[in-house]
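Asker: I am sharing final23.txt, which consists of compact mmCIF, C-alpha atoms:
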```
# COMPACT_ATOMS: atom_id res chain seq x y z
CA MET F 1 5.30 -21.76 -0.19
CA GLN F 2 4.66 -22.13 3.45
CA ARG F 3 1.38 -21.29 5.08
CA ARG F 4 1.85 -19.48 8.37
CA SER F 5 -1.51 -18.67 9.89
CA GLN F 6 -2.28 -16.77 13.04
CA THR F 7 -4.71 -19.41 14.21
CA ALA F 8 -5.42 -18.03 17.63
CA VAL F 9 -6.33 -14.70 16.12
CA LEU F 10 -8.12 -15.78 12.96
CA ALA F 11 -9.95 -19.00 13.78
CA ALA F 12 -12.99 -17.20 15.15
CA ALA F 13 -13.36 -14.93 12.15
CA SER F 14 -16.81 -15.03 10.64
CA LEU F 15 -16.13 -12.77 7.71
CA LEU F 16 -12.84 -12.20 5.94
CA LEU F 17 -11.56 -9.68 3.54
CA ALA F 18 -8.76 -9.98 1.10
CA ALA F 19 -6.41 -7.97 -1.01
CA GLY F 20 -4.50 -8.94 -4.19
CA CYS F 21 -1.20 -8.00 -5.80
CA SER F 22 1.28 -8.75 -8.60
CA SER F 23 0.67 -8.96 -12.27
CA GLY F 24 1.13 -11.53 -14.93
CA GLY F 25 0.00 -14.94 -13.67
CA ALA F 26 3.06 -16.86 -12.61
CA GLN F 27 4.94 -13.77 -13.73
CA PRO F 28 5.84 -11.42 -10.88
CA GLU F 29 4.93 -7.76 -10.71
CA GLY F 30 6.30 -6.82 -14.11
CA GLY F 31 4.01 -8.78 -16.59
CA GLY F 32 -3.53 4.98 15.67
CA GLY F 33 -5.00 4.59 19.33
CA SER F 34 -8.82 4.64 19.36
CA SER F 35 -10.61 1.32 19.02
CA ALA F 36 -13.66 2.80 17.34
CA ALA F 37 -14.96 1.16 14.17
CA PRO F 38 -14.39 2.93 10.85
CA SER F 39 -16.71 5.87 10.36
CA LYS F 40 -18.39 6.90 7.13
CA SER F 41 -19.07 10.43 8.34
CA ALA F 42 -17.66 13.29 6.33
CA ALA F 43 -14.30 14.22 7.82
CA ALA F 44 -11.03 15.02 6.18
CA SER F 45 -8.50 12.18 6.20
CA PRO F 46 -4.81 12.90 6.88
CA GLY F 47 -3.11 14.52 3.91
CA ALA F 48 -6.33 15.02 1.96
CA THR F 49 -7.63 18.33 0.63
CA PRO F 50 -11.35 18.94 1.27
CA GLU F 51 -13.41 19.20 -1.89
CA SER F 52 -16.85 20.78 -2.13
CA THR F 53 -17.42 19.67 -5.71
CA ALA F 54 -16.38 16.80 -7.92
CA PRO F 55 -13.01 17.21 -9.64
CA PRO F 56 -12.88 18.03 -13.35
CA ALA F 57 -12.86 15.20 -15.86
CA LYS F 58 -9.37 16.13 -17.02
CA GLY F 59 -6.50 16.84 -14.67
CA SER F 60 -2.85 17.75 -14.92
CA VAL F 61 0.53 16.69 -13.53
CA LYS F 62 3.66 18.82 -13.34
CA VAL F 63 6.97 17.61 -11.94
CA ILE F 64 8.07 20.44 -9.63
CA ARG F 65 11.40 18.97 -8.60
CA THR F 66 13.47 15.87 -8.05
CA LEU F 67 13.83 15.62 -4.28
CA THR F 68 16.53 12.96 -4.16
CA THR F 69 18.25 10.30 -6.26
CA GLY F 70 20.34 7.18 -5.74
CA LEU F 71 17.83 5.16 -3.71
CA THR F 72 18.13 1.36 -3.73
CA SER F 73 14.94 -0.67 -4.25
CA PRO F 74 12.69 1.87 -2.47
CA TRP F 75 9.31 0.47 -1.44
CA GLY F 76 7.44 1.87 1.56
CA VAL F 77 7.28 5.58 2.37
CA ALA F 78 6.01 7.30 5.52
CA VAL F 79 5.63 11.04 6.06
CA LEU F 80 6.92 12.38 9.37
CA PRO F 81 4.93 15.12 11.16
CA GLY F 82 7.35 17.80 9.94
CA GLY F 83 7.09 16.66 6.32
CA ASP F 84 10.31 14.67 5.94
CA LEU F 85 10.03 11.19 4.43
CA LEU F 86 11.08 7.78 5.72
CA VAL F 87 11.88 5.40 2.87
CA ALA F 88 12.28 1.62 3.15
CA SER F 89 14.66 -0.32 0.92
CA ARG F 90 13.16 -3.71 0.04
CA ASP F 91 16.43 -5.48 -0.71
CA THR F 92 18.81 -3.94 1.86
CA GLY F 93 16.37 -3.78 4.79
CA LYS F 94 17.44 -0.22 5.54
CA ILE F 95 15.29 2.82 6.32
CA VAL F 96 16.52 6.28 5.36
CA ARG F 97 15.14 9.72 6.18
CA VAL F 98 14.91 12.15 3.28
CA ALA F 99 14.64 15.85 4.14
CA ALA F 100 11.66 17.39 2.37
CA ASP F 101 13.47 20.67 1.79
CA SER F 102 16.97 19.60 0.74
CA GLY F 103 16.64 15.91 -0.17
CA LYS F 104 19.46 15.05 2.24
CA LYS F 105 19.47 11.35 3.15
CA THR F 106 20.17 10.08 6.68
CA GLU F 107 20.24 6.35 7.41
CA LEU F 108 18.20 5.31 10.44
CA GLY F 109 19.46 1.73 10.39
CA SER F 110 18.46 -1.74 9.22
CA VAL F 111 15.43 -3.75 10.30
CA PRO F 112 16.68 -7.02 11.87
CA GLY F 113 15.37 -10.26 10.41
CA VAL F 114 14.55 -9.05 6.90
CA ASP F 115 15.00 -11.88 4.39
CA PRO F 116 14.79 -10.38 0.88
CA GLY F 117 14.01 -12.49 -2.15
CA GLY F 118 11.59 -12.30 -5.05
CA GLU F 119 8.93 -9.78 -4.07
CA GLY F 120 9.77 -10.09 -0.38
CA GLY F 121 11.97 -7.97 1.87
CA LEU F 122 11.40 -4.73 3.74
CA LEU F 123 8.09 -3.51 2.30
CA GLY F 124 5.64 -1.04 3.83
CA ILE F 125 6.40 1.38 6.63
CA ALA F 126 4.22 3.74 8.67
CA VAL F 127 4.62 6.11 11.61
CA SER F 128 2.26 5.80 14.53
CA SER F 129 -0.73 8.10 14.86
CA THR F 130 0.83 9.34 18.10
CA PHE F 131 4.37 9.65 16.74
CA GLY F 132 5.03 12.93 18.54
CA ALA F 133 4.68 11.12 21.85
CA ASP F 134 5.96 7.59 21.15
CA HIS F 135 8.31 7.92 18.10
CA GLN F 136 7.23 4.51 16.81
CA VAL F 137 7.96 3.39 13.24
CA TYR F 138 6.07 0.33 11.94
CA ALA F 139 7.43 -2.00 9.26
CA TYR F 140 5.96 -4.89 7.24
CA PHE F 141 8.70 -7.28 6.17
CA THR F 142 9.53 -10.78 5.00
CA THR F 143 11.54 -13.09 7.26
CA ALA F 144 12.89 -16.58 6.64
CA SER F 145 9.53 -18.03 7.71
CA ASP F 146 6.75 -15.48 7.20
CA ASN F 147 5.69 -11.88 6.65
CA ARG F 148 5.22 -9.87 9.84
CA ILE F 149 4.71 -6.41 11.26
CA ALA F 150 7.00 -4.93 13.90
CA ARG F 151 7.45 -1.51 15.47
CA MET F 152 10.68 0.20 16.47
CA ASN F 153 11.51 3.31 18.44
CA TYR F 154 13.14 6.01 16.30
CA ASP F 155 15.65 8.20 18.11
CA GLU F 156 17.05 10.80 15.73
CA LYS F 157 19.50 12.02 18.39
CA ARG F 158 21.50 8.81 18.06
CA PRO F 159 24.25 8.46 15.40
CA PRO F 160 23.08 7.80 11.83
CA GLY F 161 22.73 4.10 11.16
CA ASN F 162 21.96 3.42 14.82
CA GLN F 163 18.69 5.29 15.30
CA LEU F 164 16.27 2.33 15.36
CA GLY F 165 15.49 0.44 18.55
CA ALA F 166 14.99 -3.32 18.72
CA PRO F 167 11.89 -4.48 16.81
CA ASP F 168 8.78 -5.38 18.76
CA THR F 169 6.77 -7.84 16.64
CA ILE F 170 3.07 -7.04 16.90
CA PHE F 171 1.75 -9.49 14.27
CA LYS F 172 3.35 -12.49 12.60
CA GLY F 173 2.40 -15.58 10.64
CA ILE F 174 1.37 -13.89 7.37
CA PRO F 175 2.29 -16.41 4.64
CA LYS F 176 5.30 -15.54 2.47
CA GLY F 177 6.19 -16.45 -1.11
CA GLN F 178 8.45 -15.54 -3.99
CA VAL F 179 5.53 -13.43 -5.25
CA HIS F 180 2.43 -11.73 -3.86
CA ASN F 181 3.60 -10.74 -0.39
CA GLY F 182 1.42 -7.62 -0.28
CA GLY F 183 3.13 -5.32 2.17
CA ARG F 184 1.48 -1.90 2.29
CA ILE F 185 0.64 -0.68 5.80
CA ALA F 186 -1.04 2.57 6.87
CA PHE F 187 -2.84 4.06 9.84
CA GLY F 188 -6.42 4.97 9.00
CA PRO F 189 -8.49 7.95 10.16
CA ASP F 190 -9.68 5.69 13.02
CA LYS F 191 -6.02 5.37 14.18
CA MET F 192 -6.08 1.64 13.50
CA LEU F 193 -3.31 -0.06 11.50
CA TYR F 194 -4.28 -1.56 8.14
CA ALA F 195 -2.18 -4.02 6.11
CA GLY F 196 -2.61 -5.33 2.58
CA THR F 197 -1.47 -8.93 2.11
CA GLY F 198 -1.01 -11.23 -0.89
CA GLU F 199 -1.87 -14.87 -1.45
CA THR F 200 1.78 -15.85 -2.18
CA GLY F 201 0.77 -17.44 -5.48
CA ASP F 202 -1.36 -20.00 -3.62
CA THR F 203 -4.70 -18.73 -4.93
CA GLY F 204 -6.83 -20.67 -2.47
CA LEU F 205 -5.52 -18.64 0.46
CA ALA F 206 -7.48 -15.58 -0.70
CA GLN F 207 -10.77 -17.35 0.10
CA ASP F 208 -9.43 -19.28 3.11
CA LYS F 209 -11.04 -17.72 6.15
CA ASP F 210 -8.39 -19.15 8.45
CA SER F 211 -5.47 -17.48 6.66
CA PRO F 212 -4.37 -13.82 6.80
CA ALA F 213 -3.10 -14.10 3.20
CA GLY F 214 -4.98 -12.36 0.38
CA LYS F 215 -6.72 -10.01 2.77
CA ILE F 216 -6.79 -6.51 4.18
CA LEU F 217 -6.08 -6.68 7.90
CA ARG F 218 -7.18 -4.13 10.51
CA MET F 219 -5.61 -4.11 13.95
CA THR F 220 -4.84 -1.92 16.93
CA PRO F 221 -1.37 -0.36 17.20
CA ASP F 222 -0.52 -3.34 19.44
CA GLY F 223 -1.52 -5.87 16.75
CA GLU F 224 -4.83 -6.97 18.31
CA PRO F 225 -8.16 -7.28 16.45
CA ALA F 226 -9.72 -3.84 16.22
CA HIS F 227 -13.20 -3.18 17.59
CA GLY F 228 -15.73 -3.18 14.76
CA ASN F 229 -13.99 -5.80 12.61
CA PRO F 230 -16.31 -8.35 10.93
CA GLY F 231 -15.00 -11.03 13.30
CA ALA F 232 -14.65 -9.87 16.89
CA ASP F 233 -11.53 -11.99 17.45
CA SER F 234 -9.97 -11.51 14.02
CA VAL F 235 -7.80 -8.87 12.37
CA VAL F 236 -9.27 -9.75 8.97
CA TYR F 237 -11.18 -6.82 7.50
CA ASP F 238 -12.05 -8.17 4.03
CA TYR F 239 -10.99 -11.02 1.74
CA GLY F 240 -10.74 -12.35 -1.82
CA HIS F 241 -7.64 -10.39 -2.89
CA ARG F 242 -4.70 -11.44 -5.01
CA ASN F 243 -2.08 -8.90 -3.92
CA VAL F 244 -2.83 -5.53 -2.33
CA GLN F 245 -0.09 -2.89 -2.37
CA GLY F 246 -2.07 0.36 -2.26
CA LEU F 247 -4.21 1.76 0.59
CA ALA F 248 -5.68 5.27 0.92
CA TRP F 249 -8.69 7.01 2.49
CA ASP F 250 -10.83 9.73 0.95
CA ASN F 251 -12.34 12.75 2.71
CA ASP F 252 -15.31 10.69 3.87
CA LYS F 253 -12.99 8.09 5.45
CA ARG F 254 -13.72 5.49 2.79
CA LEU F 255 -10.89 3.03 2.18
CA TRP F 256 -9.61 2.43 -1.35
CA ALA F 257 -7.16 -0.28 -2.41
CA SER F 258 -5.26 -1.18 -5.58
CA GLU F 259 -4.85 -4.80 -6.62
CA PHE F 260 -2.68 -6.67 -9.08
CA GLY F 261 -4.60 -8.83 -11.52
CA GLN F 262 -3.24 -11.96 -13.14
CA ASP F 263 -3.38 -11.88 -16.92
CA THR F 264 -6.39 -9.70 -17.62
CA TRP F 265 -7.46 -7.01 -15.16
CA ASP F 266 -5.85 -4.91 -12.43
CA GLU F 267 -8.30 -3.30 -10.04
CA LEU F 268 -9.13 -0.26 -7.94
CA ASN F 269 -11.50 -1.33 -5.18
CA LEU F 270 -13.68 0.51 -2.67
CA ILE F 271 -13.20 -1.52 0.50
CA GLU F 272 -16.05 -2.41 2.84
CA PRO F 273 -15.74 -4.61 5.92
CA GLY F 274 -16.68 -8.25 5.52
CA LYS F 275 -16.91 -8.13 1.73
CA ASN F 276 -15.47 -10.69 -0.70
CA TYR F 277 -13.54 -9.19 -3.63
CA GLY F 278 -13.63 -12.36 -5.66
CA TRP F 279 -10.12 -13.66 -6.25
CA PRO F 280 -9.49 -16.31 -7.58
CA GLU F 281 -13.08 -16.92 -8.66
CA VAL F 282 -13.26 -13.71 -10.70
CA GLU F 283 -10.83 -11.07 -11.98
CA GLY F 284 -11.99 -7.56 -12.83
CA LYS F 285 -15.58 -6.56 -13.52
CA ALA F 286 -18.03 -9.29 -14.38
CA LYS F 287 -19.94 -9.00 -17.63
CA GLY F 288 -23.20 -7.19 -17.18
CA GLY F 289 -21.93 -5.52 -14.03
CA ALA F 290 -22.78 -8.36 -11.66
CA LYS F 291 -19.72 -10.05 -10.26
CA GLY F 292 -21.65 -12.95 -8.83
CA PRO F 293 -23.18 -13.89 -5.50
CA GLY F 294 -21.22 -12.30 -2.68
CA PHE F 295 -18.50 -10.77 -4.88
CA VAL F 296 -17.77 -7.03 -5.15
CA ASN F 297 -16.90 -5.46 -8.49
CA PRO F 298 -13.93 -3.10 -8.74
CA VAL F 299 -14.66 0.59 -9.27
CA GLU F 300 -12.14 0.70 -12.12
CA GLN F 301 -10.01 -1.83 -13.97
CA TRP F 302 -6.99 -1.82 -16.29
CA LYS F 303 -5.22 -4.24 -18.58
CA THR F 304 -2.22 -5.55 -16.65
CA ALA F 305 0.22 -4.20 -19.24
CA ASP F 306 -1.13 -0.69 -18.59
CA ALA F 307 -0.98 -0.73 -14.83
CA SER F 308 0.26 -3.44 -12.42
CA PRO F 309 -0.47 -0.98 -9.61
CA SER F 310 1.36 -0.57 -6.34
CA GLY F 311 0.84 2.51 -4.15
CA ILE F 312 -2.12 4.88 -4.28
CA ALA F 313 -2.84 8.31 -2.79
CA ILE F 314 -5.81 10.65 -2.77
CA ALA F 315 -5.45 14.35 -3.55
CA ARG F 316 -7.52 17.00 -5.32
CA GLY F 317 -10.56 14.72 -5.32
CA SER F 318 -8.85 11.95 -7.31
CA VAL F 319 -7.17 8.65 -6.64
CA TRP F 320 -3.59 8.65 -7.97
CA MET F 321 -2.20 5.19 -8.72
CA ALA F 322 1.47 4.35 -9.30
CA SER F 323 2.00 1.65 -11.92
CA LEU F 324 4.97 -0.68 -12.24
CA ARG F 325 4.66 -2.57 -15.51
CA GLY F 326 2.56 0.24 -16.96
CA GLU F 327 5.22 2.84 -16.06
CA ARG F 328 2.68 5.61 -15.62
CA LEU F 329 0.69 7.49 -12.99
CA TRP F 330 -3.07 7.05 -13.25
CA ARG F 331 -5.61 9.66 -12.15
CA ILE F 332 -9.13 8.47 -11.26
CA PRO F 333 -11.41 11.47 -10.52
CA LEU F 334 -14.18 10.64 -8.08
CA ASP F 335 -17.56 12.04 -7.17
CA GLY F 336 -18.18 10.18 -3.93
CA THR F 337 -17.80 6.51 -4.80
CA LYS F 338 -18.18 6.91 -8.56
CA PRO F 339 -15.65 8.00 -11.20
CA VAL F 340 -16.61 11.20 -12.99
CA ALA F 341 -14.56 10.31 -16.06
CA ALA F 342 -12.33 7.62 -17.48
CA PRO F 343 -8.92 7.20 -15.83
CA GLN F 344 -6.22 9.49 -17.21
CA ALA F 345 -2.55 8.47 -17.57
CA PHE F 346 0.48 10.72 -16.96
CA LEU F 347 4.27 10.37 -17.19
CA LYS F 348 3.97 7.29 -19.40
CA GLY F 349 7.43 5.77 -19.72
CA THR F 350 9.13 8.98 -18.56
CA TYR F 351 10.50 7.71 -15.24
CA GLY F 352 10.12 3.95 -15.64
CA ARG F 353 8.42 1.82 -13.03
CA LEU F 354 6.49 3.72 -10.36
CA ARG F 355 6.17 2.09 -6.93
CA THR F 356 4.76 4.50 -4.35
CA VAL F 357 2.77 7.72 -4.39
CA VAL F 358 2.08 9.69 -1.22
CA ALA F 359 -0.03 12.79 -0.55
CA ALA F 360 2.16 15.60 0.78
CA GLY F 361 -0.72 17.33 2.58
CA ASP F 362 -0.89 20.48 0.46
CA GLY F 363 -2.41 18.95 -2.66
CA THR F 364 0.96 17.89 -4.05
CA LEU F 365 2.29 14.34 -4.29
CA TRP F 366 5.52 12.49 -3.66
CA LEU F 367 6.20 9.89 -6.36
CA VAL F 368 8.81 7.14 -5.95
CA THR F 369 10.30 5.20 -8.87
CA SER F 370 11.16 1.47 -8.79
CA ASN F 371 13.82 0.74 -11.41
CA THR F 372 16.42 -0.88 -9.12
CA ASP F 373 14.13 -3.72 -8.00
CA GLY F 374 15.51 -6.23 -10.53
CA ARG F 375 12.70 -5.75 -13.05
CA GLY F 376 13.28 -2.24 -14.26
CA THR F 377 15.98 -0.63 -16.38
CA PRO F 378 17.90 1.70 -14.08
CA HIS F 379 19.12 5.00 -15.47
CA LYS F 380 21.56 7.43 -13.92
CA GLY F 381 20.11 8.72 -10.66
CA ASP F 382 17.63 5.88 -10.10
CA ASP F 383 15.79 5.40 -7.96
CA ARG F 384 14.40 8.84 -7.23
CA ILE F 385 11.63 10.75 -5.48
CA LEU F 386 9.71 13.38 -7.44
CA ARG F 387 7.39 16.10 -6.20
CA LEU F 388 4.30 16.64 -8.32
CA LYS F 389 1.80 19.45 -8.60
CA VAL F 390 -1.51 17.89 -9.61
CA SER F 391 -5.03 18.95 -10.41
```
Kindly present the structure from the file in structure tokens form.

Answerer:
Amino acid sequence: MQRRSQTAVLAAASLLLAAGCSSGGAQPEGGGGSSAAPSKSAAASPGATPESTAPPAKGSVKVIRTLTTGLTSPWGVAVLPGGDLLVASRDTGKIVRVAADSGKKTELGSVPGVDPGGEGGLLGIAVSSTFGADHQVYAYFTTASDNRIARMNYDEKRPPGNQLGAPDTIFKGIPKGQVHNGGRIAFGPDKMLYAGTGETGDTGLAQDKDSPAGKILRMTPDGEPAHGNPGADSVVYDYGHRNVQGLAWDNDKRLWASEFGQDTWDELNLIEPGKNYGWPEVEGKAKGGAKGPGFVNPVEQWKTADASPSGIAIARGSVWMASLRGERLWRIPLDGTKPVAAPQAFLKGTYGRLRTVVAAGDGTLWLVTSNTDGRGTPHKGDDRILRLKVS
């Protein structure tokens, strides 16, 4: 594994934050524009449904429809302003648009420079907070030398397969590995771009304050350190993560992240700037509730066989967490920062591995399977996108 650090950006960081991913020890996963700091004021985040009371202890999930089938190694998903979905293929490097009404697929094109292998390839995608004006699509992907983030102009008037402009790399030098490449990116309510990274299997990188690996990064749409970060000259927002693949904000603009554990505990974390989430010193909740000096306990935890979480979304007052090895969708009902009941599992084993879940904006969810990624058992029609009615 090579260490590619963004020294000029990260060297001055005083506090780092990290994010973890991938389950099963050496086993892989199976086992924008304002520069204001994040606000904790009550304001609805994009795609969230305002809640005046805590959600009920027990919820429900109903599959309304199968939107589309026949996707190849789908990973990242971004919702366009009109509701259509952009879907990234990890192994082919292609991005397709899926119509939210008909499920029709249109290929935008391939992202140049993607070097798939192991858990690497074309991973997270996001559309800019000002997409209506700039038509920018952001992608997190693995190259021959590193993981990086680039943006491309999307022109839907061009012929299918040729709708992406040349990539403009805004951030590079994130270490790559066969495992634990992180990869989820999303624009927050503050219009800053957040990225979850992994420690590539080199556990020490999660605590290394000069490396962007094993962290959550926060940057401007141009890839510069965002105002209000713990280190004024650093994109690092927190540290001590193994492999982060899920990012979502609640109605009060709090950031939540899912994390792959090693052999014992997967985690759902409430993210705060400058905090240390413990990996590799600790995994899961510490006995007695104290994780140790300077370490933050997860809000919830799962045995790795039951979860191995990737994407998360927030809807109807709950965090919804897609699980790969666990092959189920978890619901974690929240009252502020605290769960109101034990996590509840849905769709166990029904659709296989679940990679990404996205809030549709009306209280429903888009759920993406992950059975063609080399670790699942594909069935006819895989991979697919499902629409869920949840409560």

Asker: Give me the residues near range 361-372 of chain F as a JSON list (two decimals) with C-alpha atoms, in the coordinates of the input, where near means some atom within 8 Å (using only C-alpha atoms) and where sequence neighbours in that chain fewer than 6 positions away do not count.

Answerer:
```json
[["chain", "number", "residue", "atom", "x", "y", "z"],
["F", 46, "PRO", "CA", -4.81, 12.90, 6.88],
["F", 47, "GLY", "CA", -3.11, 14.52, 3.91],
["F", 48, "ALA", "CA", -6.33, 15.02, 1.96],
["F", 49, "THR", "CA", -7.63, 18.33, 0.63],
["F", 72, "THR", "CA", 18.13, 1.36, -3.73],
["F", 73, "SER", "CA", 14.94, -0.67, -4.25],
["F", 74, "PRO", "CA", 12.69, 1.87, -2.47],
["F", 75, "TRP", "CA", 9.31, 0.47, -1.44],
["F", 315, "ALA", "CA", -5.45, 14.35, -3.55],
["F", 316, "ARG", "CA", -7.52, 17.00, -5.32],
["F", 322, "ALA", "CA", 1.47, 4.35, -9.30],
["F", 324, "LEU", "CA", 4.97, -0.68, -12.24],
["F", 351, "TYR", "CA", 10.50, 7.71, -15.24],
["F", 352, "GLY", "CA", 10.12, 3.95, -15.64],
["F", 353, "ARG", "CA", 8.42, 1.82, -13.03],
["F", 354, "LEU", "CA", 6.49, 3.72, -10.36],
["F", 355, "ARG", "CA", 6.17, 2.09, -6.93],
["F", 378, "PRO", "CA", 17.90, 1.70, -14.08],
["F", 379, "HIS", "CA", 19.12, 5.00, -15.47],
["F", 382, "ASP", "CA", 17.63, 5.88, -10.10],
["F", 383, "ASP", "CA", 15.79, 5.40, -7.96],
["F", 384, "ARG", "CA", 14.40, 8.84, -7.23],
["F", 385, "ILE", "CA", 11.63, 10.75, -5.48],
["F", 386, "LEU", "CA", 9.71, 13.38, -7.44],
["F", 387, "ARG", "CA", 7.39, 16.10, -6.20],
["F", 388, "LEU", "CA", 4.30, 16.64, -8.32],
["F", 389, "LYS", "CA", 1.80, 19.45, -8.60],
["F", 390, "VAL", "CA", -1.51, 17.89, -9.61]]
```

Asker: Ranking F:Glu327, F:Glu272, F:Asp134, F:Asp263 by minimum distance to Thr377 in chain F and counting only C-alpha atoms, which one comes first?

Answerer: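 Residue with the minimum atom-to-atom distance to Thr377 in chain F: F:Glu327.
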
Asker: So which residues touch Gly82 in chain F within 12 Å, counting only C-alpha atoms, skipping near sequence neighbours fewer than 5 positions away, as a ChimeraX atom specification?

Answerer: /F:97-101,131-132,360-361

Asker: Can you work out the spacing between CA of Gly117 in chain F and CA of Ser89 in chain F in Å, to one decimal?

Answerer: 12.6 Å

Asker: Of the candidates F:Ser318, F:Ser391, F:Thr130, F:Ser258, which one gets nearest to Leu80 in chain F if we count all atoms listed in the file?

Answerer: F:Thr130

Asker: At what distance in Å, to one decimal, does CA of Thr197 in chain F lie from CA of Asp373 in chain F?

Answerer: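 Answer for the CA of Asp373 in chain F to CA of Thr197 in chain F separation: 19.3 Å.
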
Asker: Please determine, counting only C-alpha atoms, which residue among F:Tyr277, F:Gly284, F:Asp222, F:Gly201 has the shortest atom-to-atom distance to Tyr237 in chain F.

Answerer: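 Using only C-alpha atoms, Tyr237 in chain F sits closest to F:Tyr277.
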
Asker: Suppose you want the space between CA of Gly349 in chain F and CA of Ile332 in chain F; what is it in Å?

Answerer: 18.8 Å
